[in-house]
Amino acid sequence: MTKIRIGLVGIGKIAREQHIPVVIADPDFELTACVSRSAKVDGIDNFTTLETMLDARPDIDAVVVASPPATHFAAARLALEAGKHVFLEKPPCATMAELDWLEDAARRKRRTLFQTWHLRYAPRVADAEEWLKGRKVVGGHIVWKEDVRRFHPGQDWIWRSGGFGVFDPGINAVSILTRILPEAVLVEAAELFFPSNCQTPVAADIAFRTESGAGITAALDFFCQGEQSWDIELTAADGKMRLADSARVFAVDGERRNLPDSPDGVYAEYAPLYRRFSELIARGESEVDAAPFRLVADIFLIGKHISAPPLNLV
């Protein structure tokens with residue numbers, strides 16, 4: 001089988017920890033070239049712009065866009081217009097209209113657009129989805145708190161317009177929620193906490209409501225000083241389920257279920273995504289689900305802006 005030649009745009013922390021080692025280990029792919037204004041990857045071609053990479057390496061089959069979200073649309077558009085398949089990191093774009101355009105462009109070009117929500121592929125998400133089938137959710141709570149300085153050291157783009165702030169990680173929780181819930185969910189109210197030196201929120205309190213009327217609250221914090229939390233609890237009439245530790249743990253009524261380990265053995269977070277990307281390319285299909293993105297857009301639309309003290313970003 002001929003390997004799918006990958007050009008990677010963006011060589012940040014997530015690229016080095018997930019994309020690069022996963023692509024190298026996957027027999028379906030070959031890491032051919034990378035694009036970054038300042039970083040390089042040893043042993044392959046490195047370029048400072050996507051245009052120069054596409055010109056120099058027309059043999060590249062697919063482009064992985066792992067740069068900051070404000071740059072996603074331009075990079076994905078250029079790749080699709082050059083006839084390449086596209087793997088798009090989350091958050092997918094700066095606006096809903098951009099994502100709609102990319103989906104249409106992939107259809108016109110007959111190329112695969114894989115707009116990813118990586119935590120939907122976490123080991124226990126499917127278990128939670130299966131447990132909720134046929135059950136009516138009556139309430140729930142999400143706690144999604146992490147320290148930006150640990151996961152995005154020195155990356156100030158997160159606090160600029162289009163950087164998403166707390167919703168850079170928080171959209172992961174929303175992506176899981178919209179997959180496992182057996183019904184649609186809407187945004188009822190939100191409070192967004194904007195530091196005086198930032199253009200995006202550092203924290204948020206959100207009230208969701210399912211179509212049947214169940215309330216689900218969420219507390220998000222991207223400057224957490226204490227214990228990090230990535231937990232979703234949903235209550236049904238006959239029990240309560242919990243996804244914890246970024247959906248690596250699944251429990252019902254406080255009892256952790258002994259479920260089979262991930263087929264990857266040691267959990268490689270992005271390995272299932274690249275398997276899915278390979279399948280989509282082979283089938284000539286795309287996968288785009290804007291539901292989490294739309295909910296976050298709604299939060300920004302109706303959320304109450306609350307002033308917060310400046311962040312020490314050094």
# chains A, B, ... in the order shown; residues from 1 in each chain; ligands from 1
>>> residues_around(residues="region 47-50 of chain A", least_positions_apart="6", cutoff="6 Å", atoms="only C-alpha atoms", output="PyMOL selection string")
chain A and resi 35-37
>>> write_last_selection(atoms="C-alpha atoms", output="PDB file, in the first residue's frame")
ATOM      1  CA  VAL A  35       5.777  24.327   7.905  1.00  0.00           C
ATOM      2  CA  SER A  36       6.761  26.735  10.673  1.00  0.00           C
ATOM      3  CA  ARG A  37       8.085  30.277  10.812  1.00  0.00           C
TER       4      ARG A  37
END
>>> closest_atom_pairs(of="region 86-183 of chain A", to="region 187-208 of chain A", cutoff="10 Å", atoms="only C-alpha atoms", output="tab-separated table")
residue	atom	partner	partner_atom	distance
A:Gly139	CA	A:Phe208	CA	9.7
A:Gly140	CA	A:Phe208	CA	9.3
A:His141	CA	A:Ala207	CA	9.3
A:Ile142	CA	A:Ile206	CA	9.3
A:Val143	CA	A:Asp205	CA	9.7
A:Trp144	CA	A:Ala203	CA	9.8
A:Lys145	CA	A:Ala203	CA	8.8
A:Val148	CA	A:Val202	CA	9.3
A:Asp156	CA	A:Cys198	CA	9.3
A:Trp157	CA	A:Thr200	CA	9.8
A:Ile158	CA	A:Thr200	CA	7.4
A:Trp159	CA	A:Thr200	CA	5.1
A:Arg160	CA	A:Gln199	CA	5.1
A:Ser161	CA	A:Gln199	CA	5.4
A:Gly162	CA	A:Thr200	CA	7.8
A:Gly163	CA	A:Thr200	CA	6.8
A:Phe164	CA	A:Thr200	CA	5.9
A:Gly165	CA	A:Thr200	CA	4.8
A:Val166	CA	A:Val202	CA	5.0
A:Phe167	CA	A:Pro201	CA	8.0
A:Gly170	CA	A:Ala204	CA	9.1
>>> write_last_selection(atoms="C-alpha atoms", output="JSON list (two decimals), in the first residue's frame")
[["chain", "number", "residue", "atom", "x", "y", "z"],
["A", 139, "GLY", "CA", -29.26, 16.93, 34.91],
["A", 140, "GLY", "CA", -25.53, 17.21, 34.82],
["A", 141, "HIS", "CA", -22.39, 19.18, 35.55],
["A", 142, "ILE", "CA", -19.08, 19.71, 33.75],
["A", 143, "VAL", "CA", -15.85, 20.78, 35.45],
["A", 144, "TRP", "CA", -13.09, 21.56, 32.95],
["A", 145, "LYS", "CA", -10.16, 23.28, 34.66],
["A", 148, "VAL", "CA", -2.69, 27.24, 30.32],
["A", 156, "ASP", "CA", -0.09, 34.40, 23.83],
["A", 157, "TRP", "CA", -2.26, 33.90, 20.71],
["A", 158, "ILE", "CA", -4.80, 32.21, 22.98],
["A", 159, "TRP", "CA", -5.53, 35.57, 24.64],
["A", 160, "ARG", "CA", -5.88, 37.54, 21.41],
["A", 161, "SER", "CA", -9.05, 37.90, 19.36],
["A", 162, "GLY", "CA", -9.77, 34.60, 17.63],
["A", 163, "GLY", "CA", -7.73, 32.64, 20.17],
["A", 164, "PHE", "CA", -10.74, 31.25, 22.10],
["A", 165, "GLY", "CA", -9.22, 31.63, 25.58],
["A", 166, "VAL", "CA", -10.80, 29.10, 27.96],
["A", 167, "PHE", "CA", -12.71, 27.57, 25.05],
["A", 170, "GLY", "CA", -13.37, 23.94, 26.92]]
>>> closest_residue(among="A:Leu54, A:Ala122, A:Ile180, A:Val86", to="Met241 (chain A)", atoms="only C-alpha atoms")
A:Ile180
>>> select_by_dssp(residues="region 20-136 of chain A", states="strand (DSSP E)", output="number ranges by chain")
A: 29-35, 45-47, 62-65, 85-88, 113-115
>>> write_last_selection(atoms="C-alpha atoms", output="short mmCIF file (atom, residue, chain, number, x, y, z; two decimals), in the first residue's frame")
data_model
loop_
_atom_site.label_atom_id
_atom_site.label_comp_id
_atom_site.auth_asym_id
_atom_site.auth_seq_id
_atom_site.Cartn_x
_atom_site.Cartn_y
_atom_site.Cartn_z
CA PHE A 29 1.33 7.70 6.64
CA GLU A 30 4.69 9.27 5.89
CA LEU A 31 5.69 12.60 7.43
CA THR A 32 7.10 14.34 4.38
CA ALA A 33 7.42 18.04 5.26
CA CYS A 34 6.62 20.63 7.91
CA VAL A 35 5.78 24.33 7.90
CA ASP A 45 11.87 19.04 4.42
CA ASN A 46 11.10 22.21 6.38
CA PHE A 47 9.46 25.36 5.02
CA ALA A 62 -2.59 15.57 2.73
CA VAL A 63 -2.04 18.64 4.88
CA VAL A 64 -2.45 18.57 8.66
CA VAL A 65 -3.31 22.02 10.04
CA HIS A 85 -6.82 16.20 1.79
CA VAL A 86 -7.00 18.17 5.04
CA PHE A 87 -6.83 17.15 8.70
CA LEU A 88 -8.05 20.16 10.71
CA LEU A 113 -11.82 17.24 5.08
CA PHE A 114 -11.47 15.68 8.52
CA GLN A 115 -12.52 18.33 11.03
#
>>> select_by_dssp(residues="region 236-302 of chain A", states="alpha helix (DSSP H)", output="PDB file with N, CA and C atoms, in the first residue's frame")
ATOM      1  N   ALA A 271      -3.751   8.605  17.864  1.00  0.00           N
ATOM      2  CA  ALA A 271      -3.685   7.437  16.992  1.00  0.00           C
ATOM      3  C   ALA A 271      -5.048   7.086  16.382  1.00  0.00           C
ATOM      4  N   PRO A 272      -6.140   7.090  17.145  1.00  0.00           N
ATOM      5  CA  PRO A 272      -7.441   6.786  16.527  1.00  0.00           C
ATOM      6  C   PRO A 272      -7.854   7.820  15.486  1.00  0.00           C
ATOM      7  N   LEU A 273      -7.441   9.075  15.653  1.00  0.00           N
ATOM      8  CA  LEU A 273      -7.777  10.101  14.669  1.00  0.00           C
ATOM      9  C   LEU A 273      -7.104   9.828  13.335  1.00  0.00           C
ATOM     10  N   TYR A 274      -5.856   9.438  13.380  1.00  0.00           N
ATOM     11  CA  TYR A 274      -5.162   9.176  12.119  1.00  0.00           C
ATOM     12  C   TYR A 274      -5.681   7.906  11.457  1.00  0.00           C
ATOM     13  N   ARG A 275      -6.106   6.922  12.242  1.00  0.00           N
ATOM     14  CA  ARG A 275      -6.765   5.760  11.639  1.00  0.00           C
ATOM     15  C   ARG A 275      -8.033   6.186  10.921  1.00  0.00           C
ATOM     16  N   ARG A 276      -8.792   7.076  11.553  1.00  0.00           N
ATOM     17  CA  ARG A 276     -10.027   7.557  10.941  1.00  0.00           C
ATOM     18  C   ARG A 276      -9.736   8.378   9.686  1.00  0.00           C
ATOM     19  N   PHE A 277      -8.702   9.203   9.720  1.00  0.00           N
ATOM     20  CA  PHE A 277      -8.316  10.010   8.557  1.00  0.00           C
ATOM     21  C   PHE A 277      -7.984   9.101   7.378  1.00  0.00           C
ATOM     22  N   SER A 278      -7.240   8.038   7.639  1.00  0.00           N
ATOM     23  CA  SER A 278      -6.890   7.097   6.581  1.00  0.00           C
ATOM     24  C   SER A 278      -8.144   6.443   6.002  1.00  0.00           C
ATOM     25  N   GLU A 279      -9.087   6.053   6.864  1.00  0.00           N
ATOM     26  CA  GLU A 279     -10.338   5.441   6.401  1.00  0.00           C
ATOM     27  C   GLU A 279     -11.130   6.409   5.524  1.00  0.00           C
ATOM     28  N   LEU A 280     -11.236   7.663   5.959  1.00  0.00           N
ATOM     29  CA  LEU A 280     -11.999   8.649   5.201  1.00  0.00           C
ATOM     30  C   LEU A 280     -11.392   8.881   3.813  1.00  0.00           C
ATOM     31  N   ILE A 281     -10.068   8.973   3.765  1.00  0.00           N
ATOM     32  CA  ILE A 281      -9.404   9.167   2.467  1.00  0.00           C
ATOM     33  C   ILE A 281      -9.671   7.972   1.559  1.00  0.00           C
ATOM     34  N   ALA A 282      -9.578   6.774   2.106  1.00  0.00           N
ATOM     35  CA  ALA A 282      -9.799   5.567   1.306  1.00  0.00           C
ATOM     36  C   ALA A 282     -11.225   5.517   0.757  1.00  0.00           C
ATOM     37  N   ARG A 283     -12.177   6.040   1.525  1.00  0.00           N
ATOM     38  CA  ARG A 283     -13.584   6.004   1.116  1.00  0.00           C
ATOM     39  C   ARG A 283     -13.995   7.226   0.291  1.00  0.00           C
ATOM     40  N   ALA A 291     -21.408  20.983  15.486  1.00  0.00           N
ATOM     41  CA  ALA A 291     -22.247  21.169  16.675  1.00  0.00           C
ATOM     42  C   ALA A 291     -21.490  21.770  17.861  1.00  0.00           C
ATOM     43  N   PRO A 292     -20.306  21.258  18.238  1.00  0.00           N
ATOM     44  CA  PRO A 292     -19.598  21.871  19.364  1.00  0.00           C
ATOM     45  C   PRO A 292     -19.197  23.319  19.078  1.00  0.00           C
ATOM     46  N   PHE A 293     -18.743  23.568  17.851  1.00  0.00           N
ATOM     47  CA  PHE A 293     -18.324  24.913  17.445  1.00  0.00           C
ATOM     48  C   PHE A 293     -19.503  25.879  17.508  1.00  0.00           C
ATOM     49  N   ARG A 294     -20.675  25.406  17.073  1.00  0.00           N
ATOM     50  CA  ARG A 294     -21.877  26.248  17.077  1.00  0.00           C
ATOM     51  C   ARG A 294     -22.287  26.605  18.514  1.00  0.00           C
ATOM     52  N   LEU A 295     -22.182  25.656  19.423  1.00  0.00           N
ATOM     53  CA  LEU A 295     -22.538  25.937  20.814  1.00  0.00           C
ATOM     54  C   LEU A 295     -21.592  26.969  21.428  1.00  0.00           C
ATOM     55  N   VAL A 296     -20.297  26.840  21.147  1.00  0.00           N
ATOM     56  CA  VAL A 296     -19.344  27.827  21.663  1.00  0.00           C
ATOM     57  C   VAL A 296     -19.622  29.199  21.059  1.00  0.00           C
ATOM     58  N   ALA A 297     -19.957  29.255  19.771  1.00  0.00           N
ATOM     59  CA  ALA A 297     -20.328  30.530  19.160  1.00  0.00           C
ATOM     60  C   ALA A 297     -21.546  31.128  19.860  1.00  0.00           C
ATOM     61  N   ASP A 298     -22.527  30.283  20.197  1.00  0.00           N
ATOM     62  CA  ASP A 298     -23.716  30.767  20.905  1.00  0.00           C
ATOM     63  C   ASP A 298     -23.367  31.289  22.293  1.00  0.00           C
ATOM     64  N   ILE A 299     -22.416  30.637  22.952  1.00  0.00           N
ATOM     65  CA  ILE A 299     -21.978  31.108  24.271  1.00  0.00           C
ATOM     66  C   ILE A 299     -21.403  32.514  24.164  1.00  0.00           C
ATOM     67  N   PHE A 300     -20.572  32.736  23.152  1.00  0.00           N
ATOM     68  CA  PHE A 300     -20.012  34.073  22.949  1.00  0.00           C
ATOM     69  C   PHE A 300     -21.109  35.082  22.596  1.00  0.00           C
ATOM     70  N   LEU A 301     -22.140  34.639  21.868  1.00  0.00           N
ATOM     71  CA  LEU A 301     -23.199  35.554  21.454  1.00  0.00           C
ATOM     72  C   LEU A 301     -24.043  36.031  22.633  1.00  0.00           C
ATOM     73  N   ILE A 302     -24.400  35.125  23.539  1.00  0.00           N
ATOM     74  CA  ILE A 302     -25.332  35.505  24.606  1.00  0.00           C
ATOM     75  C   ILE A 302     -24.666  35.656  25.968  1.00  0.00           C
TER      76      ILE A 302
END
>>> residues_around(residues="Glu269 (chain A)", least_positions_apart="2", cutoff="10 Å", atoms="only C-alpha atoms", output="JSON, numbers by chain")
{"A": [17, 18, 19, 22, 118, 119, 121, 122, 123, 264, 266, 267, 271, 272, 273]}
